[in-house]
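Shown below: start14.txt, with compact mmCIF, C-alpha atoms.
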# COMPACT_ATOMS: atom_id res chain seq x y z
CA MET A 3 0.00 0.00 0.00
CA VAL A 4 2.80 2.43 0.91
CA VAL A 5 4.64 1.74 -2.35
CA TRP A 6 1.44 2.23 -4.36
CA ILE A 7 0.80 5.58 -2.67
CA LEU A 8 4.39 6.81 -3.16
CA THR A 9 4.64 5.79 -6.82
CA ARG A 10 1.24 7.23 -7.64
CA LEU A 11 2.03 10.50 -5.90
CA ALA A 12 5.20 10.67 -8.00
CA MET A 13 3.10 10.23 -11.14
CA LEU A 14 0.68 12.94 -10.08
CA GLY A 15 3.66 15.20 -9.41
CA LEU A 16 4.90 14.61 -12.95
CA LEU A 17 1.42 15.28 -14.30
CA ALA A 18 1.27 18.60 -12.47
CA THR A 19 4.72 19.72 -13.66
CA LEU A 20 6.76 18.28 -16.53
CA GLU A 21 3.91 16.47 -18.25
CA SER A 22 0.99 18.80 -17.61
CA PHE A 23 0.37 19.30 -21.34
CA ILE A 24 -0.79 15.70 -21.90
CA VAL A 25 -4.30 16.38 -20.55
CA GLY A 26 -5.63 17.61 -23.90
CA ASP A 27 -7.51 14.39 -24.61
CA VAL A 28 -9.40 14.67 -21.32
CA PHE A 29 -10.51 18.20 -22.20
CA TYR A 30 -11.52 16.86 -25.63
CA TYR A 31 -13.70 14.26 -23.91
CA HIS A 32 -15.23 17.03 -21.80
CA ARG A 33 -16.08 19.15 -24.84
CA LYS A 34 -17.73 16.22 -26.59
CA ILE A 35 -19.71 15.07 -23.54
CA SER A 36 -20.88 18.64 -22.85
CA ARG A 37 -22.62 18.57 -26.25
CA LEU A 38 -24.03 15.07 -25.85
CA PHE A 39 -27.60 16.20 -25.17
CA GLU A 40 -27.43 18.60 -28.10
CA LEU A 41 -26.01 16.15 -30.67
CA GLY A 42 -27.15 12.82 -29.21
CA LEU A 43 -25.20 9.56 -29.32
CA PRO A 44 -24.96 9.43 -33.14
CA GLY A 45 -23.03 12.70 -33.12
CA THR A 46 -20.80 12.18 -30.08
CA LEU A 47 -17.32 10.59 -30.08
CA ASN A 48 -17.97 8.51 -33.18
CA GLU A 49 -14.42 7.18 -33.09
CA TYR A 50 -15.24 5.22 -29.92
CA PRO A 51 -17.83 2.51 -29.19
CA THR A 52 -21.05 3.78 -27.61
CA PRO A 53 -20.33 2.40 -24.09
CA VAL A 54 -17.26 4.66 -23.98
CA VAL A 55 -19.59 7.66 -24.14
CA TRP A 56 -21.45 6.36 -21.11
CA ILE A 57 -18.17 5.86 -19.22
CA LEU A 58 -16.88 9.32 -20.12
CA THR A 59 -20.13 10.82 -18.85
CA LEU A 60 -19.30 9.70 -15.28
CA PRO A 61 -16.53 12.28 -14.64
CA TYR A 62 -18.75 14.92 -16.25
CA GLY A 63 -21.32 14.37 -13.53
CA LEU A 64 -18.73 14.04 -10.77
CA GLY A 65 -17.07 17.27 -11.93
CA PHE A 66 -20.41 19.11 -12.11
CA GLY A 67 -19.82 19.87 -15.78
CA ASN A 68 -16.75 21.99 -15.04
CA GLU A 69 -13.73 21.41 -17.34
CA HIS A 70 -11.12 21.21 -14.58
CA GLY A 71 -13.54 19.31 -12.36
CA TYR A 72 -13.87 16.81 -15.21
CA LEU A 73 -10.07 16.41 -15.34
CA VAL A 74 -9.82 15.82 -11.60
CA ALA A 75 -12.71 13.34 -11.62
CA PHE A 76 -11.25 11.50 -14.63
CA VAL A 77 -7.83 11.13 -13.00
CA VAL A 78 -9.38 10.03 -9.69
CA LEU A 79 -11.45 7.35 -11.46
CA MET A 80 -8.35 5.99 -13.24
CA LEU A 81 -6.42 6.04 -9.97
CA ALA A 82 -9.23 4.11 -8.31
CA LEU A 83 -9.22 1.54 -11.12
CA ASP A 84 -5.46 1.17 -10.77
CA GLY A 85 -5.86 0.69 -7.02
CA VAL A 86 -8.61 -1.91 -7.43
CA PHE A 87 -6.51 -3.96 -9.85
CA THR A 88 -3.46 -3.73 -7.58
CA TYR A 89 -5.59 -5.07 -4.73
CA ALA A 90 -7.00 -7.83 -6.96
CA VAL A 91 -3.50 -9.01 -7.93
CA TRP A 92 -2.34 -8.88 -4.30
CA ARG A 93 -5.39 -10.82 -3.14
CA SER A 94 -4.99 -13.41 -5.92
CA ALA A 95 -1.40 -13.88 -4.75
CA GLY A 96 -2.70 -14.96 -1.35
CA ARG A 97 -2.47 -11.51 0.25
CA ARG A 98 1.32 -11.63 0.21
CA HIS A 99 4.21 -9.89 -1.51
CA ASP A 100 4.50 -11.15 -5.08
CA SER A 101 6.42 -10.29 -8.25
CA ALA A 102 3.11 -9.72 -10.05
CA VAL A 103 2.24 -6.84 -7.71
CA ASP A 104 5.74 -5.37 -8.03
CA PHE A 105 5.49 -5.59 -11.80
CA TRP A 106 2.17 -3.75 -11.97
CA LEU A 107 3.35 -0.99 -9.64
CA LEU A 108 6.48 -0.45 -11.72
CA PHE A 109 4.86 -0.89 -15.14
CA VAL A 110 2.25 1.86 -14.61
CA LEU A 111 4.90 4.12 -13.08
CA LEU A 112 7.14 3.69 -16.16
CA ILE A 113 4.29 4.40 -18.58
CA GLY A 114 3.77 7.51 -16.49
CA PRO A 115 0.87 9.94 -15.96
CA LEU A 116 -0.43 9.06 -19.43
CA SER A 117 -2.00 6.05 -17.69
CA TYR A 118 -4.46 8.38 -15.96
CA VAL A 119 -5.38 10.77 -18.77
CA ARG A 120 -6.52 8.15 -21.29
CA PHE A 121 -9.08 5.38 -20.76
CA ASP A 122 -6.86 2.54 -22.07
CA LEU A 123 -6.22 1.51 -18.48
CA ILE A 124 -9.77 0.11 -18.52
CA PRO A 125 -9.27 -2.61 -21.16
CA ALA A 126 -5.83 -3.39 -19.69
CA VAL A 127 -7.35 -4.05 -16.27
CA LEU A 128 -10.30 -5.95 -17.74
CA ALA A 129 -7.98 -8.27 -19.69
CA GLY A 130 -5.81 -8.85 -16.63
CA GLY A 131 -8.86 -9.33 -14.43
CA ALA A 132 -10.29 -11.89 -16.87
CA LEU A 133 -7.12 -13.98 -16.57
CA LEU A 134 -7.17 -13.71 -12.78
CA ALA A 135 -10.81 -14.87 -12.69
CA ALA A 136 -10.59 -17.54 -15.42
CA ARG A 137 -9.72 -20.49 -13.18
CA THR A 138 -12.20 -19.95 -10.35
CA ARG A 139 -14.91 -17.67 -11.80
CA PRO A 140 -14.99 -18.29 -15.56
CA TRP A 141 -18.29 -16.45 -16.02
CA VAL A 142 -16.60 -13.34 -14.60
CA ALA A 143 -13.72 -13.81 -17.04
CA GLY A 144 -16.20 -13.97 -19.92
CA ALA A 145 -18.12 -10.94 -18.65
CA LEU A 146 -14.96 -8.84 -18.23
CA THR A 147 -13.84 -9.77 -21.75
CA GLY A 148 -17.27 -8.87 -23.12
CA LEU A 149 -17.11 -5.51 -21.35
CA GLY A 150 -13.62 -4.92 -22.74
CA ALA A 151 -14.83 -5.71 -26.26
CA ALA A 152 -17.71 -3.27 -25.86
CA ILE A 153 -15.29 -0.52 -24.83
CA LYS A 154 -12.28 -1.05 -27.09
CA LEU A 155 -13.28 -3.76 -29.64
CA TRP A 156 -9.93 -5.62 -29.73
CA PRO A 157 -10.61 -7.60 -26.49
CA ALA A 158 -13.14 -9.61 -28.54
CA LEU A 159 -10.07 -11.36 -29.98
CA LEU A 160 -9.25 -12.68 -26.50
CA ILE A 161 -12.39 -14.75 -26.00
CA PRO A 162 -11.27 -17.74 -28.16
CA ALA A 163 -8.19 -18.13 -25.95
CA LEU A 164 -10.36 -18.19 -22.82
CA LEU A 165 -12.79 -20.62 -24.45
CA SER A 166 -9.94 -23.03 -25.24
CA ASP A 167 -10.06 -24.16 -21.60
CA GLN A 168 -12.58 -26.99 -21.95
CA ARG A 169 -13.38 -27.11 -18.24
CA GLN A 170 -14.51 -23.47 -18.13
CA ARG A 171 -15.88 -23.04 -21.65
CA LYS A 172 -19.62 -22.85 -21.01
CA PRO A 173 -19.69 -20.28 -18.16
CA THR A 174 -17.03 -18.19 -19.95
CA ALA A 175 -19.12 -18.11 -23.12
CA ILE A 176 -22.29 -17.22 -21.21
CA GLY A 177 -20.58 -14.32 -19.42
CA PHE A 178 -19.17 -12.99 -22.69
CA ILE A 179 -22.46 -13.27 -24.60
CA VAL A 180 -24.59 -11.70 -21.87
CA ILE A 181 -22.31 -8.68 -21.36
CA GLY A 182 -20.69 -8.26 -24.76
CA PHE A 183 -23.69 -8.90 -26.97
CA GLY A 184 -26.00 -7.26 -24.44
CA LEU A 185 -24.06 -4.00 -24.58
CA ALA A 186 -23.90 -4.23 -28.38
CA LEU A 187 -27.69 -4.58 -28.50
CA ILE A 188 -28.20 -1.62 -26.16
CA SER A 189 -25.74 0.41 -28.25
CA LEU A 190 -27.69 -0.45 -31.40
CA ILE A 191 -30.99 0.57 -29.82
CA THR A 192 -29.70 3.84 -28.37
CA GLY A 193 -27.31 4.94 -31.12
CA GLY A 194 -28.40 3.20 -34.29
CA MET A 195 -26.59 1.00 -36.79
CA THR A 196 -24.30 3.69 -38.19
CA ARG A 197 -23.13 4.67 -34.69
CA LEU A 198 -22.55 1.01 -33.81
CA PHE A 199 -20.02 0.55 -36.62
CA SER A 200 -18.57 4.08 -36.74
CA PRO A 201 -15.43 3.17 -34.70
CA LEU A 202 -14.47 0.61 -37.36
CA THR A 203 -14.95 3.00 -40.28
CA TRP A 204 -13.09 5.73 -38.39
CA GLN A 205 -10.11 3.45 -37.73
CA SER A 206 -9.89 2.20 -41.31
CA GLY A 207 -9.56 5.73 -42.70
CA ARG A 208 -6.55 6.72 -40.61
CA GLY A 209 -2.98 7.07 -41.89
CA LEU A 210 0.46 6.24 -40.48
CA GLN A 211 0.78 7.57 -36.95
CA VAL A 212 4.30 8.78 -36.22
CA GLU A 213 4.83 6.40 -33.28
CA SER A 214 3.79 3.25 -35.16
CA VAL A 215 6.19 0.50 -36.20
CA TRP A 216 5.34 0.99 -39.87
CA ALA A 217 6.10 4.69 -39.79
CA SER A 218 9.58 4.06 -38.33
CA PRO A 219 11.45 3.61 -41.66
CA LEU A 220 10.08 6.91 -42.97
CA MET A 221 10.62 8.69 -39.65
CA LEU A 222 14.26 7.53 -39.63
CA ALA A 223 14.69 8.66 -43.26
CA ARG A 224 13.22 12.02 -42.23
CA ILE A 225 16.28 12.58 -40.03
CA ILE A 226 18.43 12.79 -43.17
CA SER A 227 15.91 14.69 -45.28
CA PRO A 228 13.48 16.52 -42.97
CA ASN A 229 11.96 18.53 -45.82
CA THR A 230 10.90 15.43 -47.77
CA TRP A 231 8.31 14.30 -45.23
CA THR A 232 5.78 16.29 -43.24
CA VAL A 233 4.47 15.48 -39.80
CA ASP A 234 1.13 17.08 -39.02
CA ILE A 235 -2.04 16.46 -37.08
CA SER A 236 -4.74 14.79 -39.16
CA ARG A 237 -8.50 15.07 -38.96
CA TYR A 238 -8.36 11.99 -36.73
CA GLN A 239 -6.70 14.03 -33.93
CA ALA A 240 -3.39 12.20 -34.34
CA TYR A 241 0.02 13.16 -35.68
CA GLU A 242 0.69 11.32 -38.93
CA ILE A 243 3.51 11.35 -41.47
CA PHE A 244 2.89 12.50 -45.04
CA GLY A 245 5.11 12.22 -48.10
CA PRO A 246 6.79 9.69 -50.42
CA GLY A 247 6.36 6.03 -49.48
CA VAL A 248 3.54 6.55 -46.99
CA GLY A 249 1.03 4.68 -49.14
CA ALA A 250 3.44 1.76 -49.60
CA TRP A 251 4.05 1.41 -45.88
CA GLN A 252 0.32 1.59 -45.21
CA THR A 253 -0.07 -1.33 -47.62
CA VAL A 254 2.66 -3.19 -45.74
CA SER A 255 0.82 -2.49 -42.49
CA ASP A 256 -2.43 -3.84 -43.95
CA ALA A 257 -0.68 -7.00 -45.17
CA VAL A 258 1.01 -7.55 -41.81
CA THR A 259 -2.33 -7.05 -40.06
CA VAL A 260 -3.79 -9.90 -42.11
CA ALA A 261 -0.73 -12.05 -41.41
CA GLY A 262 -0.98 -11.24 -37.70
CA LEU A 263 -4.61 -12.27 -37.66
CA LEU A 264 -3.66 -15.60 -39.26
CA VAL A 265 -1.05 -16.14 -36.53
CA ILE A 266 -3.66 -15.41 -33.86
CA VAL A 267 -6.11 -17.86 -35.45
CA ALA A 268 -3.36 -20.50 -35.60
CA LEU A 269 -2.75 -20.05 -31.86
CA TRP A 270 -6.48 -20.44 -31.19
CA ILE A 271 -6.58 -23.68 -33.17
CA ARG A 272 -3.53 -25.06 -31.35
CA ALA A 273 -5.03 -24.13 -27.98
CA PHE A 274 -8.29 -25.92 -28.79
CA ARG A 275 -6.41 -29.04 -29.90
CA VAL A 276 -4.23 -29.51 -26.79
CA THR A 277 -4.72 -33.05 -25.54
CA GLY A 278 -6.30 -33.08 -22.09
CA GLY A 279 -7.13 -29.38 -22.18
CA VAL A 280 -5.04 -26.23 -22.31
CA SER A 281 -3.27 -24.94 -19.18
CA SER A 282 -3.90 -21.59 -17.50
CA ILE A 283 -0.38 -20.53 -18.48
CA ALA A 284 -1.08 -21.34 -22.13
CA VAL A 285 -4.33 -19.34 -22.09
CA ALA A 286 -2.52 -16.33 -20.61
CA LEU A 287 0.30 -16.57 -23.15
CA VAL A 288 -2.14 -16.75 -26.08
CA VAL A 289 -3.97 -13.71 -24.68
CA LEU A 290 -0.70 -11.79 -24.35
CA ALA A 291 0.51 -12.82 -27.81
CA THR A 292 -2.81 -11.71 -29.29
CA ILE A 293 -2.54 -8.27 -27.70
CA ALA A 294 1.09 -7.87 -28.79
CA VAL A 295 0.22 -8.76 -32.40
CA VAL A 296 -2.70 -6.31 -32.38
CA ILE A 297 -0.43 -3.51 -31.13
CA ILE A 298 2.50 -4.11 -33.46
CA THR A 299 0.44 -4.48 -36.63
CA ASN A 300 -1.53 -1.31 -35.93
CA LYS A 301 -0.75 1.65 -38.21
CA THR A 302 -2.10 3.94 -35.47
CA LEU A 303 0.02 2.82 -32.54
CA SER A 304 -0.60 5.37 -29.80
CA PRO A 305 1.63 5.42 -26.68
CA GLN A 306 -1.22 4.43 -24.36
CA TYR A 307 -1.70 1.16 -26.27
CA LEU A 308 1.29 -0.23 -24.37
CA LEU A 309 -0.90 -0.18 -21.26
CA TRP A 310 -2.86 -3.10 -22.74
CA LEU A 311 0.09 -5.39 -22.01
CA GLY A 312 0.27 -4.59 -18.31
CA GLY A 313 -2.79 -6.35 -16.91
CA PRO A 314 -2.23 -9.68 -18.73
CA ILE A 315 1.49 -9.73 -17.85
CA ALA A 316 0.70 -9.15 -14.16
CA ALA A 317 -1.72 -12.09 -14.30
CA LEU A 318 0.84 -14.18 -16.21
CA LEU A 319 3.49 -13.51 -13.57
CA LEU A 320 1.04 -14.62 -10.89
CA LEU A 321 0.29 -17.85 -12.78
CA ARG A 322 4.01 -18.32 -13.37
CA ASP A 323 4.72 -18.53 -9.67
CA GLN A 324 1.83 -20.96 -9.11
CA PHE A 325 1.82 -23.30 -12.11
CA ALA A 326 4.79 -22.96 -14.47
CA ALA A 327 7.83 -25.22 -14.70
CA ALA A 328 11.24 -23.72 -13.91
CA GLU A 329 12.33 -23.05 -17.50
CA LEU A 330 9.02 -21.42 -18.44
CA ARG A 331 9.13 -19.30 -15.27
CA ARG A 332 12.44 -17.85 -16.45
CA TRP A 333 11.03 -17.03 -19.88
CA ILE A 334 7.95 -15.38 -18.40
CA LEU A 335 10.19 -13.30 -16.15
CA ARG A 336 12.07 -12.15 -19.28
CA VAL A 337 8.75 -11.17 -20.83
CA GLY A 338 8.04 -9.02 -17.78
CA VAL A 339 11.48 -7.38 -17.90
CA VAL A 340 11.20 -6.55 -21.62
CA SER A 341 7.73 -5.07 -21.08
CA LEU A 342 9.13 -2.79 -18.36
CA ILE A 343 11.79 -1.59 -20.82
CA LEU A 344 9.02 -0.95 -23.35
CA ALA A 345 7.05 1.01 -20.74
CA GLY A 346 10.01 3.24 -19.88
CA LEU A 347 10.90 3.88 -23.52
CA THR A 348 7.26 4.72 -24.24
CA GLN A 349 7.25 7.50 -21.65
CA PHE A 350 10.30 8.94 -23.38
CA VAL A 351 8.57 8.68 -26.76
CA TYR A 352 5.52 10.42 -25.33
CA PRO A 353 5.50 12.89 -23.75
CA LEU A 354 9.14 13.60 -22.84
CA LEU A 355 10.61 13.63 -26.37
CA TYR A 356 7.45 14.19 -28.37
CA ASP A 357 8.22 17.77 -29.45
CA GLY A 358 11.47 16.48 -30.90
CA LEU A 359 9.71 13.64 -32.71
CA LEU A 360 7.27 16.08 -34.29
CA GLY A 361 10.08 18.42 -35.35
CA PHE A 362 9.01 21.23 -33.04
CA ALA A 363 12.45 21.45 -31.40
CA SER A 364 16.09 21.32 -32.50
CA GLN A 365 17.51 18.94 -35.10
CA SER A 366 19.47 17.10 -32.42
CA LEU A 367 16.31 16.47 -30.41
CA LEU A 368 14.59 15.26 -33.60
CA VAL A 369 17.38 12.70 -34.05
CA VAL A 370 17.26 11.55 -30.41
CA ALA A 371 13.46 11.27 -30.32
CA THR A 372 13.29 9.39 -33.62
CA VAL A 373 16.03 6.94 -32.62
CA VAL A 374 14.42 6.30 -29.22
CA THR A 375 11.09 5.65 -30.94
CA GLY A 376 12.79 3.30 -33.40
CA VAL A 377 14.49 1.41 -30.56
CA ARG A 378 11.17 1.15 -28.72
CA ASN A 379 9.51 -0.26 -31.82
CA ALA A 380 12.35 -2.74 -32.40
CA CYS A 381 11.99 -3.92 -28.80
CA LEU A 382 8.23 -4.20 -29.31
CA LEU A 383 8.81 -6.36 -32.38
CA ALA A 384 11.19 -8.60 -30.41
CA PHE A 385 8.68 -8.76 -27.56
CA THR A 386 5.91 -9.83 -29.94
CA VAL A 387 8.04 -12.56 -31.51
CA LEU A 388 8.95 -13.82 -28.02
CA THR A 389 5.36 -13.95 -26.78
CA VAL A 390 4.11 -15.65 -29.96
CA TRP A 391 6.90 -18.23 -29.67
CA LEU A 392 6.09 -18.93 -26.01
CA ALA A 393 2.36 -19.18 -26.79
CA TRP A 394 3.15 -21.57 -29.67
CA ARG A 395 5.27 -23.74 -27.39
CA ALA A 396 2.67 -23.69 -24.61
CA THR A 397 -0.10 -24.83 -26.97
CA SER A 398 1.80 -27.77 -28.44
CA ALA A 399 0.54 -31.30 -27.92
CA ASN A 400 3.47 -31.77 -25.51
CA PRO A 401 4.19 -28.35 -23.93
CA ARG A 402 7.44 -29.58 -22.34

What would the structure in this file look like if it were written as structure tokens?
Amino acid sequence: MVVWILTRLAMLGLLATLESFIVGDVFYYHRKISRLFELGLPGTLNEYPTPVVWILTLPYGLGFGNEHGYLVAFVVLMLALDGVFTYAVWRSAGRRHDSAVDFWLLFVLLIGPLSYVRFDLIPAVLAGGALLAARTRPWVAGALTGLGAAIKLWPALLIPALLSDQRQRKPTAIGFIVIGFGLALISLITGGMTRLFSPLTWQSGRGLQVESVWASPLMLARIISPNTWTVDISRYQAYEIFGPGVGAWQTVSDAVTVAGLLVIVALWIRAFRVTGGVSSIAVALVVLATIAVVIITNKTLSPQYLLWLGGPIAALLLLRDQFAAAELRRWILRVGVVSLILAGLTQFVYPLLYDGLLGFASQSLLVVATVVTGVRNACLLAFTVLTVWLAWRATSANPR
């Protein structure tokens, strides 16, 4: 508890000083929610699923409609969610000190205050919570995954991994269907068909975000010839790169996305075919590999997406101590260490070096920021390969 308080106070201190400018998205949420009754659901935050609008309305009420009150309420709600998940991991560890708790405390700290001014902490915690609940309360695991899918869409890709556990399949499926499909139905009734699918159409129209893996070659080339490529904010409220080769790298990203989906499907098939049923460790590794593939293939990789890894890795570390063989425990520990490196590099990418990455500072800072981003993306690629390999090994007919 003391460590949680100290680390979170440090993050709030950073938010109030060096990183105070990262709250723009929260004010954007406030502006959109303040016009909700005027525009209705079909005209509010179309880039996000409808349940997100309901969630973002909570701090509006708690802040009495005031912009700064909204910011405070938003941060407090994210802090509370962080605290609840920390407690859940600690309790699942038998109410004792555990590496999973240490990891979560450090991971969120290394991502930084960004964790509290975006809502990506929600799907991260839901995915981690689903893995914590899968063995003893499978219906809760299904429900949490359904809720995550309703909020951020990609968690729907996690349900096949959870369903691969034959012993828990039925209650997991029921929980997912009731919550996930139930929220989709309510969203359809309240917002209409166009609003239901607007997040998908919004995402498909976006370009290469400067932090993404597939923008890295062009961003590195921009160091040598800064006038050849332009970095500017697009109509999707994200900084994208424009210039020669952008279309080609978008095509590469699309092709890799398809290939990544095929890899995910292959892992699902292997998990379902494990003789005698898949292990909890294997389920967690397939979940983590799925998330890593989704992140790395995304042409719109935003810094907060790295949060998605945190909850599942905390759960995986907990399962590692309880169920994994010695060799696998060492590999899972390496996964945790690499993810902490990724978290720290991501805070440098955004917000600490972001002005340099955008070209708003000196040439030297542009070089440093671009190289750090490239290193982060290379580490993310290595991390993804590692998790896919471990998931492949864990879902073999003979995992040893």

Within 9 Å of A:Ser282, counting only C-alpha atoms, which residues qualify if same-chain residues fewer than 3 places away don't, as a ChimeraX atom specification?
/A:133,136-137,167,285-287,318,321,325

Within 8 Å of A:Val142, counting only C-alpha atoms, which residues show up once you throw out same-chain ones fewer than 4 positions away? Write them as a ChimeraX atom specification, please.
/A:132,135-136,146,174,177

Name all residues at most 10 Å from A:Gly184 (count all atoms listed in the file; drop same-chain ones fewer than 4 positions away) and give them as number ranges by chain.
A: 148-149, 152, 178-180, 188-190

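In this structure, atom CA of A:Leu14 sits 18.6 Å away from atom CA of A:Ile124.
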
Counting all atoms listed in the file, which residues of stretch 98-117 of chain A sit at most 10 Å from some atom of stretch 21-44 of chain A, and what is each one's closest atom pair with its distance in Å to one decimal, listed by chain and rising residue number, as CSV?
residue,atom,partner,partner_atom,distance
A:Gly114,CA,A:Glu21,CA,9.1
A:Pro115,CA,A:Glu21,CA,7.6
A:Leu116,CA,A:Ile24,CA,7.1

Residue selection dump (C-alpha atoms) as a CSV table (one decimal), in the coordinates of the input:
chain,number,residue,atom,x,y,z
A,114,GLY,CA,3.8,7.5,-16.5
A,115,PRO,CA,0.9,9.9,-16.0
A,116,LEU,CA,-0.4,9.1,-19.4

Would you please work out which residue, of A:Thr52, A:Arg97, A:Phe66, A:Val267, is nearest to A:Ile191 when using all atoms listed in the file?
A:Thr52

Report, in Å with one decimal, the straight-line distance from atom CA of A:Gly85 to atom CA of A:Cys381.
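We find that atom CA of A:Gly85 and atom CA of A:Cys381 lie 28.5 Å from each other.
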
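Comparing the minimum interatomic distances between A:Lys301 and each of A:Phe199, A:Phe350, A:Trp216, A:Trp141, counting all atoms listed in the file, we find that A:Trp216 sits nearest.
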